[in-house]
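Peer 1: Sharing entry13.cif here; it has mmCIF, C-alpha atoms.
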```
data_final
#
loop_
_atom_site.group_PDB
_atom_site.id
_atom_site.type_symbol
_atom_site.label_atom_id
_atom_site.label_comp_id
_atom_site.auth_asym_id
_atom_site.auth_seq_id
_atom_site.Cartn_x
_atom_site.Cartn_y
_atom_site.Cartn_z
ATOM 1 C CA MET A 42 98.967 41.074 1.510
ATOM 2 C CA PHE A 43 101.105 44.029 0.468
ATOM 3 C CA ARG A 44 100.841 45.241 -3.120
ATOM 4 C CA ILE A 45 102.556 48.076 -4.985
ATOM 5 C CA GLY A 46 100.880 50.040 -7.748
ATOM 6 C CA PHE A 47 98.503 47.383 -9.080
ATOM 7 C CA ARG A 48 96.679 44.223 -8.085
ATOM 8 C CA GLN A 49 97.063 41.832 -11.016
ATOM 9 C CA LEU A 50 98.721 38.592 -10.023
ATOM 10 C CA CYS A 51 101.361 37.473 -12.463
ATOM 11 C CA ARG A 52 100.299 34.629 -14.736
ATOM 12 C CA PRO A 53 102.569 32.874 -17.246
ATOM 13 C CA ILE A 54 102.854 35.154 -20.251
ATOM 14 C CA SER A 55 102.390 34.215 -23.866
ATOM 15 C CA ARG A 56 104.722 35.227 -26.662
ATOM 16 C CA SER A 57 102.142 37.611 -28.171
ATOM 17 C CA HIS A 58 101.948 39.665 -24.955
ATOM 18 C CA SER A 59 105.456 41.118 -25.137
ATOM 19 C CA THR A 60 108.497 41.827 -27.235
ATOM 20 C CA LEU A 61 110.432 39.122 -25.408
ATOM 21 C CA SER A 62 111.900 36.245 -27.333
ATOM 22 C CA GLN A 63 110.393 32.821 -26.824
ATOM 23 C CA PRO A 64 113.388 31.599 -24.764
ATOM 24 C CA GLU A 65 113.024 34.684 -22.544
ATOM 25 C CA VAL A 66 109.300 34.002 -22.124
ATOM 26 C CA ASP A 67 110.015 30.380 -21.224
ATOM 27 C CA ALA A 68 112.720 31.386 -18.754
ATOM 28 C CA LEU A 69 110.439 33.900 -17.027
ATOM 29 C CA ASN A 70 107.563 31.407 -16.803
ATOM 30 C CA LYS A 71 109.892 28.789 -15.342
ATOM 31 C CA TRP A 72 111.242 31.287 -12.818
ATOM 32 C CA ILE A 73 107.720 32.339 -11.763
ATOM 33 C CA SER A 74 106.703 28.741 -11.084
ATOM 34 C CA ALA A 75 109.836 27.788 -9.133
ATOM 35 C CA PRO A 76 109.755 28.284 -5.333
ATOM 36 C CA ARG A 77 112.605 30.308 -3.857
ATOM 37 C CA GLU A 78 113.467 30.315 -0.159
ATOM 38 C CA ILE A 79 116.509 31.350 1.879
ATOM 39 C CA ASN A 80 117.088 31.014 5.629
ATOM 40 C CA LEU A 81 119.684 33.304 7.163
ATOM 41 C CA THR A 82 120.847 33.636 10.768
ATOM 42 C CA ASP A 83 122.498 36.652 12.341
ATOM 43 C CA THR A 84 123.204 38.261 15.702
ATOM 44 C CA PHE A 85 122.152 41.818 16.440
ATOM 45 C CA HIS A 86 125.678 42.882 17.357
ATOM 46 C CA LEU A 87 126.292 46.149 19.165
ATOM 47 C CA GLU A 88 129.124 47.012 16.783
ATOM 48 C CA ARG A 89 127.030 46.912 13.621
ATOM 49 C CA LEU A 90 124.202 48.778 15.314
ATOM 50 C CA SER A 91 126.684 51.437 16.405
ATOM 51 C CA ASP A 92 127.702 51.812 12.756
ATOM 52 C CA LEU A 93 124.033 52.189 11.823
ATOM 53 C CA TYR A 94 123.428 54.770 14.565
ATOM 54 C CA ILE A 95 126.333 56.928 13.433
ATOM 55 C CA THR A 96 124.993 56.781 9.860
ATOM 56 C CA LEU A 97 121.474 57.952 10.758
ATOM 57 C CA PRO A 98 121.240 61.733 11.303
ATOM 58 C CA THR A 99 118.555 61.159 13.931
ATOM 59 C CA ARG A 100 120.999 59.160 16.094
ATOM 60 C CA ASP A 101 124.518 60.334 15.211
ATOM 61 C CA GLY A 102 124.753 62.843 18.073
ATOM 62 C CA THR A 103 124.435 66.004 15.985
ATOM 63 C CA ARG A 104 120.781 66.754 16.816
ATOM 64 C CA GLN A 105 120.624 65.259 20.286
ATOM 65 C CA PRO A 106 123.117 63.477 22.567
ATOM 66 C CA TYR A 107 124.398 60.220 21.129
ATOM 67 C CA LEU A 108 122.927 57.174 22.846
ATOM 68 C CA PRO A 109 124.750 53.936 21.993
ATOM 69 C CA PRO A 110 122.832 50.683 21.553
ATOM 70 C CA LYS A 111 122.516 48.628 24.713
ATOM 71 C CA GLU A 112 122.715 44.871 25.101
ATOM 72 C CA ALA A 113 119.372 43.150 25.816
ATOM 73 C CA SER A 114 117.358 46.220 24.746
ATOM 74 C CA PRO A 115 114.687 46.051 22.039
ATOM 75 C CA LEU A 116 115.998 46.500 18.524
ATOM 76 C CA GLY A 117 114.977 49.774 16.888
ATOM 77 C CA TYR A 118 112.203 49.773 14.320
ATOM 78 C CA ALA A 119 113.568 48.720 10.885
ATOM 79 C CA HIS A 120 117.090 48.305 12.277
ATOM 80 C CA HIS A 121 116.992 44.628 11.351
ATOM 81 C CA ILE A 122 117.611 45.757 7.756
ATOM 82 C CA ALA A 123 121.301 46.080 8.617
ATOM 83 C CA PHE A 124 121.402 42.297 9.183
ATOM 84 C CA PHE A 125 120.625 39.029 7.343
ATOM 85 C CA HIS A 126 122.572 39.586 4.136
ATOM 86 C CA THR A 127 123.329 36.912 1.588
ATOM 87 C CA ARG A 128 127.051 36.571 0.959
ATOM 88 C CA THR A 129 127.250 36.295 -2.800
ATOM 89 C CA PRO A 130 130.664 36.031 -4.481
ATOM 90 C CA GLU A 131 131.400 39.086 -6.585
ATOM 91 C CA ALA A 132 131.642 36.943 -9.703
ATOM 92 C CA GLU A 133 128.003 35.920 -9.213
ATOM 93 C CA LEU A 134 126.585 39.431 -8.793
ATOM 94 C CA ARG A 135 124.577 40.908 -11.630
ATOM 95 C CA GLU A 136 126.136 43.524 -13.858
ATOM 96 C CA ASP A 137 124.638 46.326 -11.736
ATOM 97 C CA GLY A 138 126.084 44.859 -8.534
ATOM 98 C CA THR A 139 122.859 43.340 -7.200
ATOM 99 C CA GLU A 140 122.305 39.768 -6.035
ATOM 100 C CA GLY A 141 120.180 37.429 -8.097
ATOM 101 C CA ASP A 142 118.586 35.380 -5.303
ATOM 102 C CA PHE A 143 115.051 36.678 -5.903
ATOM 103 C CA SER A 144 115.596 38.354 -9.272
ATOM 104 C CA PRO A 145 113.835 37.280 -12.471
ATOM 105 C CA PRO A 146 115.971 36.176 -15.425
ATOM 106 C CA ALA A 147 117.206 38.413 -18.239
ATOM 107 C CA PRO A 148 116.179 40.758 -19.686
ATOM 108 C CA PHE A 149 114.653 41.906 -16.357
ATOM 109 C CA THR A 150 117.942 42.929 -14.794
ATOM 110 C CA ARG A 151 117.346 46.533 -13.680
ATOM 111 C CA ARG A 152 116.106 46.641 -10.077
ATOM 112 C CA MET A 153 114.349 49.369 -8.091
ATOM 113 C CA TRP A 154 113.018 49.285 -4.533
ATOM 114 C CA ALA A 155 109.274 49.970 -4.771
ATOM 115 C CA GLY A 156 108.026 49.776 -1.185
ATOM 116 C CA GLY A 157 107.201 47.463 1.662
ATOM 117 C CA LYS A 158 105.463 46.733 4.930
ATOM 118 C CA MET A 159 106.630 45.719 8.410
ATOM 119 C CA VAL A 160 104.469 44.240 11.173
ATOM 120 C CA TRP A 161 105.880 43.774 14.679
ATOM 121 C CA ASP A 162 104.719 41.440 17.442
ATOM 122 C CA PRO A 163 104.825 43.557 20.632
ATOM 123 C CA GLU A 164 104.970 40.422 22.787
ATOM 124 C CA LEU A 165 108.140 39.150 21.076
ATOM 125 C CA PRO A 166 110.496 42.084 20.454
ATOM 126 C CA LEU A 167 113.756 41.573 18.624
ATOM 127 C CA MET A 168 116.544 42.005 21.169
ATOM 128 C CA ILE A 169 119.968 43.584 20.771
ATOM 129 C CA GLY A 170 122.791 41.118 21.284
ATOM 130 C CA GLN A 171 120.656 38.060 20.600
ATOM 131 C CA ARG A 172 120.522 35.730 17.629
ATOM 132 C CA ALA A 173 117.645 35.449 15.171
ATOM 133 C CA GLU A 174 116.705 33.734 11.927
ATOM 134 C CA ALA A 175 115.215 35.352 8.846
ATOM 135 C CA ALA A 176 113.180 33.119 6.526
ATOM 136 C CA TRP A 177 113.027 34.713 3.061
ATOM 137 C CA GLY A 178 110.628 33.718 0.325
ATOM 138 C CA VAL A 179 108.734 35.084 -2.670
ATOM 139 C CA ASP A 180 105.219 35.930 -1.580
ATOM 140 C CA SER A 181 103.976 36.852 -5.054
ATOM 141 C CA VAL A 182 105.079 37.934 -8.507
ATOM 142 C CA GLN A 183 103.202 40.556 -10.481
ATOM 143 C CA LYS A 184 103.501 42.051 -13.918
ATOM 144 C CA LYS A 185 102.676 45.407 -15.420
ATOM 145 C CA GLY A 186 102.851 46.747 -18.953
ATOM 146 C CA PHE A 187 102.757 43.367 -20.692
ATOM 147 C CA GLY A 188 100.801 43.627 -23.901
ATOM 148 C CA VAL A 189 100.286 47.398 -23.535
ATOM 149 C CA PRO A 190 101.471 49.394 -26.577
ATOM 150 C CA GLY A 191 104.152 51.908 -25.695
ATOM 151 C CA LYS A 192 104.695 50.444 -22.222
ATOM 152 C CA SER A 193 107.795 48.595 -21.073
ATOM 153 C CA PRO A 194 107.049 45.294 -19.312
ATOM 154 C CA MET A 195 107.900 45.257 -15.603
ATOM 155 C CA VAL A 196 108.017 42.426 -13.095
ATOM 156 C CA PHE A 197 107.227 43.133 -9.440
ATOM 157 C CA VAL A 198 108.657 40.672 -6.937
ATOM 158 C CA ASN A 199 107.144 40.763 -3.461
ATOM 159 C CA GLN A 200 109.299 39.092 -0.843
ATOM 160 C CA ARG A 201 108.169 37.986 2.601
ATOM 161 C CA ILE A 202 110.682 37.866 5.443
ATOM 162 C CA ASP A 203 109.832 36.315 8.810
ATOM 163 C CA VAL A 204 112.336 37.280 11.514
ATOM 164 C CA THR A 205 112.219 34.967 14.537
ATOM 165 C CA MET A 206 114.310 35.146 17.693
ATOM 166 C CA GLN A 207 116.322 32.029 18.409
ATOM 167 C CA GLY A 208 114.268 29.644 20.550
ATOM 168 C CA ASN A 209 110.912 31.045 19.443
ATOM 169 C CA THR A 210 108.485 29.564 16.946
ATOM 170 C CA ARG A 211 106.514 32.732 16.211
ATOM 171 C CA PRO A 212 108.139 35.576 14.248
ATOM 172 C CA SER A 213 108.806 38.880 15.996
ATOM 173 C CA LEU A 214 108.633 40.705 12.693
ATOM 174 C CA VAL A 215 106.982 39.984 9.364
ATOM 175 C CA GLU A 216 108.304 42.146 6.565
ATOM 176 C CA GLU A 217 107.253 42.438 2.936
ATOM 177 C CA ARG A 218 109.512 44.048 0.338
ATOM 178 C CA SER A 219 108.600 44.888 -3.223
ATOM 179 C CA HIS A 220 111.192 45.300 -5.966
ATOM 180 C CA VAL A 221 110.396 46.174 -9.557
ATOM 181 C CA TYR A 222 112.514 44.786 -12.380
ATOM 182 C CA VAL A 223 112.553 46.318 -15.838
ATOM 183 C CA SER A 224 114.182 45.233 -19.064
ATOM 184 C CA GLU A 225 117.778 46.102 -19.826
ATOM 185 C CA ALA A 226 116.687 47.032 -23.381
ATOM 186 C CA GLU A 227 115.772 50.586 -22.382
ATOM 187 C CA ALA A 228 119.187 51.181 -20.846
ATOM 188 C CA SER A 229 120.983 49.752 -23.868
ATOM 189 C CA SER A 230 118.975 51.763 -26.400
ATOM 190 C CA GLY A 231 121.684 54.451 -26.535
ATOM 191 C CA ALA A 232 119.736 57.364 -25.034
ATOM 192 C CA ALA A 233 119.059 57.928 -21.352
ATOM 193 C CA PRO A 234 115.319 57.817 -20.576
ATOM 194 C CA LYS A 235 113.646 61.057 -19.563
ATOM 195 C CA ARG A 236 112.730 61.134 -15.891
ATOM 196 C CA THR A 237 109.781 63.350 -15.066
ATOM 197 C CA PRO A 238 108.769 63.528 -11.389
ATOM 198 C CA ARG A 239 105.405 61.987 -10.611
ATOM 199 C CA GLU A 240 102.876 64.228 -8.932
ATOM 200 C CA VAL A 241 101.778 62.841 -5.574
ATOM 201 C CA LYS A 242 98.395 64.150 -4.466
ATOM 202 C CA ASP A 243 97.547 62.019 -1.436
ATOM 203 C CA VAL A 244 99.756 63.788 1.134
ATOM 204 C CA PRO A 245 98.544 66.094 3.905
ATOM 205 C CA THR A 246 98.744 69.824 3.311
ATOM 206 C CA SER A 247 100.414 70.452 6.679
ATOM 207 C CA SER A 248 102.560 68.506 9.130
ATOM 208 C CA ASP A 249 102.809 68.187 12.906
ATOM 209 C CA PHE A 250 106.568 67.592 12.914
ATOM 210 C CA SER A 251 109.473 67.351 10.472
ATOM 211 C CA PHE A 252 113.158 66.480 10.160
ATOM 212 C CA THR A 253 115.521 67.913 7.540
ATOM 213 C CA TYR A 254 118.822 66.367 6.450
ATOM 214 C CA LYS A 255 121.028 65.997 3.395
ATOM 215 C CA PRO A 256 122.094 62.453 2.388
ATOM 216 C CA SER A 257 125.640 62.763 1.059
ATOM 217 C CA LEU A 258 127.959 60.447 -0.834
ATOM 218 C CA ALA A 259 129.447 59.472 2.524
ATOM 219 C CA THR A 260 125.946 58.554 3.726
ATOM 220 C CA LEU A 261 125.378 56.358 0.671
ATOM 221 C CA PHE A 262 128.765 54.670 1.018
ATOM 222 C CA ARG A 263 128.254 53.922 4.722
ATOM 223 C CA TYR A 264 124.734 52.634 4.210
ATOM 224 C CA SER A 265 125.779 50.491 1.233
ATOM 225 C CA ALA A 266 128.470 48.956 3.438
ATOM 226 C CA LEU A 267 125.979 48.293 6.245
ATOM 227 C CA MET A 268 123.586 46.655 3.799
ATOM 228 C CA PHE A 269 126.378 44.775 1.991
ATOM 229 C CA ASN A 270 124.816 46.382 -1.072
ATOM 230 C CA ALA A 271 126.896 46.975 -4.214
ATOM 231 C CA HIS A 272 124.066 48.283 -6.402
ATOM 232 C CA SER A 273 125.669 50.659 -8.894
ATOM 233 C CA VAL A 274 122.778 53.124 -8.771
ATOM 234 C CA HIS A 275 124.019 54.210 -5.322
ATOM 235 C CA LEU A 276 127.746 54.247 -6.106
ATOM 236 C CA ASP A 277 128.504 54.746 -9.808
ATOM 237 C CA LEU A 278 127.697 58.153 -11.316
ATOM 238 C CA ALA A 279 128.198 57.050 -14.935
ATOM 239 C CA TYR A 280 125.854 54.094 -14.459
ATOM 240 C CA THR A 281 123.218 56.243 -12.745
ATOM 241 C CA GLN A 282 123.309 58.856 -15.504
ATOM 242 C CA LYS A 283 122.947 56.104 -18.086
ATOM 243 C CA GLU A 284 119.745 55.192 -16.263
ATOM 244 C CA GLY A 285 118.499 58.761 -16.765
ATOM 245 C CA TYR A 286 119.123 60.207 -13.308
ATOM 246 C CA PRO A 287 121.247 63.320 -12.660
ATOM 247 C CA GLU A 288 123.082 61.782 -9.698
ATOM 248 C CA ARG A 289 123.365 58.702 -7.530
ATOM 249 C CA LEU A 290 120.197 57.645 -5.741
ATOM 250 C CA VAL A 291 119.498 57.337 -2.039
ATOM 251 C CA HIS A 292 118.605 53.812 -0.909
ATOM 252 C CA GLY A 293 114.889 53.127 -0.567
ATOM 253 C CA PRO A 294 115.265 51.349 2.786
ATOM 254 C CA LEU A 295 117.345 54.245 4.142
ATOM 255 C CA THR A 296 114.540 56.691 3.434
ATOM 256 C CA ALA A 297 111.978 54.249 4.828
ATOM 257 C CA THR A 298 114.048 53.945 8.011
ATOM 258 C CA MET A 299 114.282 57.723 8.228
ATOM 259 C CA LEU A 300 110.483 57.980 8.054
ATOM 260 C CA LEU A 301 110.281 55.788 11.136
ATOM 261 C CA GLU A 302 113.220 57.522 12.786
ATOM 262 C CA THR A 303 111.606 60.936 12.353
ATOM 263 C CA ALA A 304 108.398 59.790 14.011
ATOM 264 C CA ILE A 305 110.341 58.359 16.949
ATOM 265 C CA PHE A 306 112.695 61.367 17.154
ATOM 266 C CA HIS A 307 109.717 63.652 17.781
ATOM 267 C CA ASN A 308 107.656 61.118 19.742
ATOM 268 C CA PRO A 309 109.994 59.149 22.044
ATOM 269 C CA GLY A 310 108.529 55.907 23.300
ATOM 270 C CA LEU A 311 106.230 55.497 20.300
ATOM 271 C CA GLN A 312 104.803 51.964 20.169
ATOM 272 C CA ILE A 313 104.384 50.857 16.563
ATOM 273 C CA SER A 314 102.429 47.852 15.348
ATOM 274 C CA SER A 315 102.972 48.258 11.596
ATOM 275 C CA PHE A 316 104.537 50.487 8.973
ATOM 276 C CA GLU A 317 103.721 50.548 5.268
ATOM 277 C CA TYR A 318 105.585 52.694 2.761
ATOM 278 C CA ARG A 319 105.794 53.355 -0.959
ATOM 279 C CA ALA A 320 108.523 54.884 -3.123
ATOM 280 C CA ARG A 321 107.013 57.666 -5.241
ATOM 281 C CA ASN A 322 110.003 59.372 -6.900
ATOM 282 C CA PRO A 323 113.776 58.823 -6.822
ATOM 283 C CA ILE A 324 115.635 60.685 -4.059
ATOM 284 C CA VAL A 325 118.962 62.070 -5.235
ATOM 285 C CA VAL A 326 122.184 62.376 -3.246
ATOM 286 C CA ASN A 327 123.398 65.784 -1.999
ATOM 287 C CA ARG A 328 119.917 67.287 -2.072
ATOM 288 C CA VAL A 329 118.102 68.387 1.058
ATOM 289 C CA SER A 330 115.331 66.029 2.159
ATOM 290 C CA THR A 331 112.620 66.882 4.659
ATOM 291 C CA ILE A 332 110.480 64.218 6.267
ATOM 292 C CA HIS A 333 107.080 65.366 7.471
ATOM 293 C CA GLY A 334 104.712 63.645 9.850
ATOM 294 C CA ALA A 335 101.027 64.273 10.495
ATOM 295 C CA TRP A 336 98.928 62.597 13.144
ATOM 296 C CA ASN A 337 95.834 60.830 11.837
ATOM 297 C CA GLY A 338 93.768 60.664 14.987
ATOM 298 C CA ASN A 339 95.431 58.848 17.883
ATOM 299 C CA THR A 340 96.174 55.570 16.158
ATOM 300 C CA SER A 341 98.221 56.351 13.052
ATOM 301 C CA ILE A 342 100.745 58.781 11.580
ATOM 302 C CA LYS A 343 101.153 59.733 7.931
ATOM 303 C CA LEU A 344 104.712 60.350 6.779
ATOM 304 C CA TRP A 345 106.222 61.702 3.577
ATOM 305 C CA CYS A 346 109.631 62.782 2.315
ATOM 306 C CA VAL A 347 110.097 65.761 -0.011
ATOM 307 C CA ASP A 348 113.240 67.168 -1.615
ATOM 308 C CA GLU A 349 114.263 70.814 -1.855
ATOM 309 C CA ASP A 350 112.042 71.249 -4.935
ATOM 310 C CA GLY A 351 109.005 69.814 -3.166
ATOM 311 C CA VAL A 352 109.055 66.501 -5.047
ATOM 312 C CA VAL A 353 107.622 63.703 -2.915
ATOM 313 C CA GLY A 354 110.065 60.797 -2.811
ATOM 314 C CA MET A 355 108.317 58.432 -0.407
ATOM 315 C CA THR A 356 105.143 58.151 1.627
ATOM 316 C CA GLY A 357 104.321 55.924 4.565
ATOM 317 C CA VAL A 358 101.788 55.182 7.284
ATOM 318 C CA ILE A 359 102.492 54.053 10.832
ATOM 319 C CA GLN A 360 99.837 52.165 12.784
ATOM 320 C CA LEU A 361 100.190 52.393 16.565
ATOM 321 C CA LEU A 362 99.426 49.843 19.249
#
```
Can I see the file as structure tokens?
Peer 2:
Amino acid sequence: MFRIGFRQLCRPISRSHSTLSQPEVDALNKWISAPREINLTDTFHLERLSDLYITLPTRDGTRQPYLPPKEASPLGYAHHIAFFHTRTPEAELREDGTEGDFSPPAPFTRRMWAGGKMVWDPELPLMIGQRAEAAWGVDSVQKKGFGVPGKSPMVFVNQRIDVTMQGNTRPSLVEERSHVYVSEAEASSGAAPKRTPREVKDVPTSSDFSFTYKPSLATLFRYSALMFNAHSVHLDLAYTQKEGYPERLVHGPLTATMLLETAIFHNPGLQISSFEYRARNPIVVNRVSTIHGAWNGNTSIKLWCVDEDGVVGMTGVIQLL
């Protein structure tokens, strides 16, 4: 089971373990104990995939000839992320533009993408032009910083998504996504928090291949539209600066997709069984990003993304068939 940052399973919290009010504690405990599931269906349409291809610098025709998606071909790795979106009325979105389907109650309203894992069934590939169902649920809830002096409580929500082609009973893809939710109190304290990059030590000292690109505001807008994602941290400069960042942030799943895309760009025909990734530092718009890849024997590839200052934004590992 995928975990980000720590291993403690979330148990109902007591009032003495946090600065939350008793109603907030009760609401969080109730939310933790309540099952949440969503089933969504979608078709892997050529048109939406074409929009995704033209958004990805590995496929947009600027580095190599543009190859459009083809009906009845296997769906690209992680390209399912452009599908299966909940259609939430704007009036029901949270203040930061995010959906509340798998979000804990207030005050945990600030969301960040922490990481994830994808496992593919090579015998049942997702196919372009065909219909599929995604079964969403909460796999686990974790907490960090509760009862620790000087630490802000955080709630990690790990979702599991089974994507199954229509007519099949076994999923073609099992994905796990981890989001971290922090209290709105820090943002409303009047001063933007100081953001110091985390040092990441577990990356190779050299790479076998790399891909450099610069995610722009146009990139963020296009990807937000593809994801049906209105999160203000990608679109609203004033909001992002209030959160303590100098500029709008690049989407976590976009960088994760680019890790995979870079490996495939340099190794056409790569057969992947699983991919696990972790967000390490925020990646900021209009700054050059370079994705590096290093072979780890013949069965896996280590990947990492660094900005123009050498700050590691994301790391990942591909396991091959």
Peer 1: Could you give me, as a Markdown table, a per-residue list for region 142-166 of chain A showing, wherever an atom lies at most 9 Å from an atom of region 65-85 of chain A, the closest pair of atoms and their distance in Å to one decimal, using all atoms listed in the file and sorting by chain then residue number from low to high?
Peer 2:
```
| residue | atom | partner | partner_atom | distance |
| --- | --- | --- | --- | --- |
| A:Asp142 | CA | A:Arg77 | CA | 8.0 |
| A:Phe143 | CA | A:Arg77 | CA | 7.1 |
| A:Pro145 | CA | A:Trp72 | CA | 6.5 |
| A:Pro146 | CA | A:Leu69 | CA | 6.2 |
| A:Ala147 | CA | A:Glu65 | CA | 7.1 |
| A:Pro148 | CA | A:Glu65 | CA | 7.4 |
```
Peer 1: Could you check the closest approach to Glu349 (chain A) for each of A:Ala335, A:Met153, A:Val325, A:Leu362 and tell me which residue wins, using all atoms listed in the file?
Peer 2: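 Looking only at the distances to Glu349 (chain A), the closest residue turns out to be A:Val325.
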Peer 1: Between CA of Met268 (chain A) and CA of Cys346 (chain A), what is the spacing in Å?
Peer 2: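 Computing it gives 21.4 Å between the two atoms.
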Peer 1: What does the PyMOL selection byres ((chain A and resi 130) around 12) select in this file, as a CSV table (one decimal) with C-alpha atoms, in the coordinates of the input?
Peer 2:
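Saved result, result_24.csv, follows:
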```csv
chain,number,residue,atom,x,y,z
A,127,THR,CA,123.3,36.9,1.6
A,128,ARG,CA,127.1,36.6,1.0
A,129,THR,CA,127.2,36.3,-2.8
A,131,GLU,CA,131.4,39.1,-6.6
A,132,ALA,CA,131.6,36.9,-9.7
A,133,GLU,CA,128.0,35.9,-9.2
A,134,LEU,CA,126.6,39.4,-8.8
A,135,ARG,CA,124.6,40.9,-11.6
A,138,GLY,CA,126.1,44.9,-8.5
A,139,THR,CA,122.9,43.3,-7.2
A,140,GLU,CA,122.3,39.8,-6.0
A,141,GLY,CA,120.2,37.4,-8.1
A,269,PHE,CA,126.4,44.8,2.0
A,271,ALA,CA,126.9,47.0,-4.2
```
Peer 1: Any idea what's packed within 10 Å of Leu361 (chain A), counting only C-alpha atoms, ignoring anything in its chain fewer than 2 positions away? Could you give it as a list in words?
Peer 2: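 Listing them by chain and then by number gives Leu311, Gln312, Ile313, Ser314, Ser315, Phe316, Asn339, Thr340, Ser341, Ile342, Val358 and Ile359 of chain A.
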Peer 1: Between CA of Ser257 (chain A) and CA of Tyr118 (chain A), what distance in Å does the model show, to one decimal?
Peer 2: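 Between CA of Ser257 (chain A) and CA of Tyr118 (chain A) the gap is 22.9 Å.
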Peer 1: May I have the residues within 9 Å of Leu301 (chain A) as a list in words, using all atoms listed in the file and disregarding those fewer than 4 positions away in the same chain?
Peer 2: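 Selected residues are Tyr118, Ala119, Thr296, Ala297, Ile305, Phe306, Phe316, Leu344, Gly357 and Ile359 of chain A.
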Peer 1: Give me the residues near Met195 (chain A) as a count of residues only, where near means some atom within 7 Å (using only C-alpha atoms) and where sequence neighbours in that chain fewer than 6 positions away do not count.
Peer 2: 6
Peer 1: Could you produce a table of the residues of region 116-137 of chain A lying within 12 Å of region 156-163 of chain A, with the nearest pair of atoms per residue and their separation in Å rounded to one decimal, using only C-alpha atoms, ordered by chain and increasing residue number, as a Markdown table?
Peer 2:
```
| residue | atom | partner | partner_atom | distance |
| --- | --- | --- | --- | --- |
| A:Leu116 | CA | A:Trp161 | CA | 11.2 |
| A:Gly117 | CA | A:Trp161 | CA | 11.1 |
| A:Tyr118 | CA | A:Trp161 | CA | 8.7 |
| A:Ala119 | CA | A:Met159 | CA | 8.0 |
| A:His120 | CA | A:Met159 | CA | 11.4 |
| A:His121 | CA | A:Met159 | CA | 10.8 |
| A:Ile122 | CA | A:Met159 | CA | 11.0 |
```
Peer 1: Take CA of Ser273 (chain A) and CA of Thr303 (chain A) and report the distance between them in Å, one decimal.
Peer 2: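 Interatomic distance, CA of Ser273 (chain A) to CA of Thr303 (chain A): 27.5 Å.
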Peer 1: Could you state which residues are captured by the PyMOL selection byres ((chain A and resi 240-246) around 9) in this file, as a PyMOL selection string?
Peer 2: chain A and resi 238-239+247-248+321-322+334-335+343-345+352-354+356
Peer 1: With C-alpha atoms retained, could you export that selection as a compact mmCIF listing (two decimals), in the frame of the given file?
Peer 2:
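Full text of part-v4.txt as output:
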```txt
# COMPACT_ATOMS: atom_id res chain seq x y z
CA PRO A 238 108.77 63.53 -11.39
CA ARG A 239 105.40 61.99 -10.61
CA SER A 247 100.41 70.45 6.68
CA SER A 248 102.56 68.51 9.13
CA ARG A 321 107.01 57.67 -5.24
CA ASN A 322 110.00 59.37 -6.90
CA GLY A 334 104.71 63.64 9.85
CA ALA A 335 101.03 64.27 10.50
CA LYS A 343 101.15 59.73 7.93
CA LEU A 344 104.71 60.35 6.78
CA TRP A 345 106.22 61.70 3.58
CA VAL A 352 109.06 66.50 -5.05
CA VAL A 353 107.62 63.70 -2.92
CA GLY A 354 110.06 60.80 -2.81
CA THR A 356 105.14 58.15 1.63
```
Peer 1: Would you kindly translate the PyMOL selection byres ((chain A and resi 252) around 6) into the concrete residues it picks from this file, as an NGL selection string?
Peer 2: :A and (251 or 253 or 331-332)
Peer 1: So that I can see what lies close to region 96-113 of chain A, please list as a ChimeraX atom specification the residues with an atom at most 12 Å from it, counting all atoms listed in the file and leaving out residues fewer than 5 positions away in the same chain.
Peer 2: /A:84-91,120,123,166-172,251-268,295-307,309,330,332
Peer 1: Report, as JSON, the centre and edge lengths in Å (one decimal) of the axis-aligned box enclosing every listed atom of region 171-181 of chain A, padded by 4 Å on each side.
Peer 2:
```
{"center_x": 112.3, "center_y": 35.6, "center_z": 7.8, "size_x": 24.7, "size_y": 12.9, "size_z": 33.7}
```
Peer 1: Check the smallest atom-to-atom distance from each of A:Trp154, A:Tyr318, A:Trp177, A:Phe187 to Leu61 (chain A) using all atoms listed in the file, then report the winner.
Peer 2: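 Among the listed residues, A:Phe187 lies closest to Leu61 (chain A).
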Peer 1: With all atoms listed in the file as the atoms that count, which of A:Trp336, A:Gln360, A:Ser224, A:Phe124 lies nearest to Lys192 (chain A)?
Peer 2: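 Going through A:Trp336, A:Gln360, A:Ser224, A:Phe124 one by one, the smallest distance to Lys192 (chain A) is for A:Ser224.
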